[in-house]
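**Student:** Below is coords30.cif; it holds mmCIF, C-alpha atoms and all ligand atoms; chains and numbers go by the auth columns.
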data_work
#
loop_
_atom_site.group_PDB
_atom_site.id
_atom_site.type_symbol
_atom_site.label_atom_id
_atom_site.label_comp_id
_atom_site.label_asym_id
_atom_site.label_seq_id
_atom_site.Cartn_x
_atom_site.Cartn_y
_atom_site.Cartn_z
_atom_site.B_iso_or_equiv
_atom_site.auth_seq_id
_atom_site.auth_asym_id
ATOM 1 C CA MET A 1 0.000 0.000 0.000 0.00 1 A
ATOM 2 C CA TYR A 2 1.287 3.445 -0.851 0.00 2 A
ATOM 3 C CA ILE A 3 2.030 5.568 2.197 0.00 3 A
ATOM 4 C CA CYS A 4 3.480 8.594 0.431 0.00 4 A
ATOM 5 C CA LEU A 5 2.085 9.627 -2.922 0.00 5 A
ATOM 6 C CA CYS A 6 4.502 12.556 -3.289 0.00 6 A
ATOM 7 C CA HIS A 7 7.558 10.262 -3.157 0.00 7 A
ATOM 8 C CA GLY A 8 5.896 6.991 -4.092 0.00 8 A
ATOM 9 C CA PHE A 9 6.994 4.888 -1.177 0.00 9 A
ATOM 10 C CA THR A 10 4.995 2.076 0.363 0.00 10 A
ATOM 11 C CA ASP A 11 4.388 0.585 3.794 0.00 11 A
ATOM 12 C CA GLY A 12 7.013 -2.032 2.912 0.00 12 A
ATOM 13 C CA ASP A 13 9.520 0.739 2.235 0.00 13 A
ATOM 14 C CA VAL A 14 8.743 2.305 5.627 0.00 14 A
ATOM 15 C CA ARG A 15 9.098 -1.070 7.375 0.00 15 A
ATOM 16 C CA GLY A 16 12.414 -1.535 5.603 0.00 16 A
ATOM 17 C CA ALA A 17 13.624 1.853 6.838 0.00 17 A
ATOM 18 C CA ILE A 18 12.522 0.999 10.374 0.00 18 A
ATOM 19 C CA SER A 19 14.288 -2.355 10.228 0.00 19 A
ATOM 20 C CA HIS A 20 17.442 -0.513 9.106 0.00 20 A
ATOM 21 C CA GLY A 21 17.306 1.404 12.401 0.00 21 A
ATOM 22 C CA CYS A 22 15.261 4.497 11.628 0.00 22 A
ATOM 23 C CA LYS A 23 13.658 5.439 14.947 0.00 23 A
ATOM 24 C CA SER A 24 11.966 8.744 14.085 0.00 24 A
ATOM 25 C CA VAL A 25 9.799 10.184 11.349 0.00 25 A
ATOM 26 C CA ALA A 26 12.679 12.402 10.237 0.00 26 A
ATOM 27 C CA ALA A 27 15.022 9.412 10.051 0.00 27 A
ATOM 28 C CA VAL A 28 12.542 7.485 7.911 0.00 28 A
ATOM 29 C CA TYR A 29 12.275 10.406 5.478 0.00 29 A
ATOM 30 C CA ARG A 30 16.029 10.879 5.349 0.00 30 A
ATOM 31 C CA HIS A 31 16.348 7.177 4.537 0.00 31 A
ATOM 32 C CA LEU A 32 13.629 7.150 1.857 0.00 32 A
ATOM 33 C CA ALA A 33 13.118 10.577 0.372 0.00 33 A
ATOM 34 C CA ASP A 34 15.020 13.397 2.078 0.00 34 A
ATOM 35 C CA ARG A 35 11.958 15.223 3.469 0.00 35 A
ATOM 36 C CA PRO A 36 8.175 15.236 3.220 0.00 36 A
ATOM 37 C CA GLN A 37 6.554 17.504 0.655 0.00 37 A
ATOM 38 C CA CYS A 38 2.854 17.870 1.525 0.00 38 A
ATOM 39 C CA GLY A 39 3.200 15.995 4.843 0.00 39 A
ATOM 40 C CA LYS A 40 -0.055 14.041 4.559 0.00 40 A
ATOM 41 C CA CYS A 41 1.830 10.783 5.048 0.00 41 A
ATOM 42 C CA VAL A 42 3.613 11.859 8.247 0.00 42 A
ATOM 43 C CA PRO A 43 0.866 10.548 10.592 0.00 43 A
ATOM 44 C CA ASP A 44 0.987 7.149 8.883 0.00 44 A
ATOM 45 C CA VAL A 45 4.772 6.940 9.228 0.00 45 A
ATOM 46 C CA ARG A 46 4.494 8.012 12.865 0.00 46 A
ATOM 47 C CA CYS A 47 1.849 5.322 13.454 0.00 47 A
ATOM 48 C CA MET A 48 4.063 2.642 11.886 0.00 48 A
ATOM 49 C CA LEU A 49 6.976 3.679 14.140 0.00 49 A
ATOM 50 C CA HIS A 50 4.667 3.510 17.162 0.00 50 A
ATOM 51 C CA GLU A 51 3.407 0.050 16.168 0.00 51 A
ATOM 52 C CA HIS A 52 7.004 -1.142 15.750 0.00 52 A
ATOM 53 C CA ARG A 53 7.903 0.107 19.240 0.00 53 A
ATOM 54 C CA GLU A 54 4.796 -1.498 20.704 0.00 54 A
ATOM 55 C CA ALA A 55 5.659 -4.806 19.024 0.00 55 A
ATOM 56 C CA GLN A 56 9.205 -4.670 20.436 0.00 56 A
ATOM 57 C CA HIS A 57 8.007 -3.948 23.968 0.00 57 A
ATOM 58 C CA GLY A 58 5.315 -6.614 23.679 0.00 58 A
ATOM 59 C CA ALA A 59 7.827 -9.233 22.548 0.00 59 A
ATOM 60 C CA ALA A 60 10.218 -8.369 25.391 0.00 60 A
ATOM 61 C CA ALA A 61 7.389 -8.669 27.913 0.00 61 A
ATOM 62 C CA LEU A 62 6.726 -12.266 26.777 0.00 62 A
ATOM 63 C CA ILE A 63 10.319 -13.422 27.502 0.00 63 A
ATOM 64 C CA PRO A 64 10.740 -14.784 31.066 0.00 64 A
ATOM 65 C CA ALA A 65 13.246 -12.869 33.219 0.00 65 A
ATOM 66 C CA GLY A 66 15.572 -15.907 33.534 0.00 66 A
ATOM 67 C CA ALA A 67 15.712 -16.281 29.767 0.00 67 A
ATOM 68 C CA MET A 68 16.544 -12.583 29.401 0.00 68 A
ATOM 69 C CA ALA A 69 19.523 -13.034 31.785 0.00 69 A
ATOM 70 C CA VAL A 70 20.808 -15.969 29.699 0.00 70 A
ATOM 71 C CA MET A 71 20.345 -13.999 26.490 0.00 71 A
ATOM 72 C CA GLU A 72 22.273 -11.068 27.976 0.00 72 A
ATOM 73 C CA GLY A 73 25.092 -13.303 29.244 0.00 73 A
ATOM 74 C CA ALA A 74 24.382 -12.766 32.952 0.00 74 A
ATOM 75 C CA ASP A 75 23.929 -15.422 35.648 0.00 75 A
HETATM 76 S S1 LIG B . 2.121 12.157 0.656 0.00 101 A
HETATM 77 FE FE1 LIG B . 4.077 12.048 1.561 0.00 101 A
HETATM 78 S S2 LIG B . 4.879 14.050 1.385 0.00 101 A
HETATM 79 FE FE2 LIG B . 2.961 14.119 0.378 0.00 101 A
#
Can the structure in the file be given as structure tokens, please?
**Tutor:**
Amino acid sequence: MYICLCHGFTDGDVRGAISHGCKSVAAVYRHLADRPQCGKCVPDVRCMLHEHREAQHGAAALIPAGAMAVMEGAD
């Protein structure tokens, strides 16, 4: 699905930018298109970043504390 009609990037492009480490709306635009033009897509990009953060926190909450210690190399 197209997210930005001005630059022609899709939700997959935004997810790709996020998976490359973009943590802010500005970082996503720098990665994909330099800067927004009309800005109508900014709320959608912001929402996708929020959903990514929520998914990360949700996944971490499902890992038992003992398993986290093993994963981090602690006793
Ligand atoms: S729709 Fe993305 S800048 Fe216009």
**Student:** Which residues fall under the PyMOL selection byres (((not hetatm)) within 10 of (chain A and resi 101)) in this file, as a compact mmCIF listing (two decimals) with C-alpha atoms, in the frame of the given file?
**Tutor:**
# COMPACT_ATOMS: atom_id res chain seq x y z
CA TYR A 2 1.29 3.44 -0.85
CA ILE A 3 2.03 5.57 2.20
CA CYS A 4 3.48 8.59 0.43
CA LEU A 5 2.08 9.63 -2.92
CA CYS A 6 4.50 12.56 -3.29
CA HIS A 7 7.56 10.26 -3.16
CA GLY A 8 5.90 6.99 -4.09
CA PHE A 9 6.99 4.89 -1.18
CA TYR A 29 12.28 10.41 5.48
CA ALA A 33 13.12 10.58 0.37
CA ARG A 35 11.96 15.22 3.47
CA PRO A 36 8.18 15.24 3.22
CA GLN A 37 6.55 17.50 0.66
CA CYS A 38 2.85 17.87 1.52
CA GLY A 39 3.20 16.00 4.84
CA LYS A 40 -0.06 14.04 4.56
CA CYS A 41 1.83 10.78 5.05
CA VAL A 42 3.61 11.86 8.25
CA PRO A 43 0.87 10.55 10.59
CA ASP A 44 0.99 7.15 8.88
CA VAL A 45 4.77 6.94 9.23
**Student:** Hey, can you check how far CA of Thr10 (chain A) sits from CA of Ala55 (chain A)?
**Tutor:**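 A separation of 19.9 Å between them.
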**Student:** Mind pulling up the distance from CA of Gly58 (chain A) to CA of Cys22 (chain A)?
**Tutor:**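 Pair CA of Cys22 (chain A) / CA of Gly58 (chain A) returns 19.2 Å.
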**Student:** Quick one: distance from CA of Cys47 (chain A) to CA of Met1 (chain A) in Å, one decimal?
**Tutor:**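 The value is 14.6 Å.
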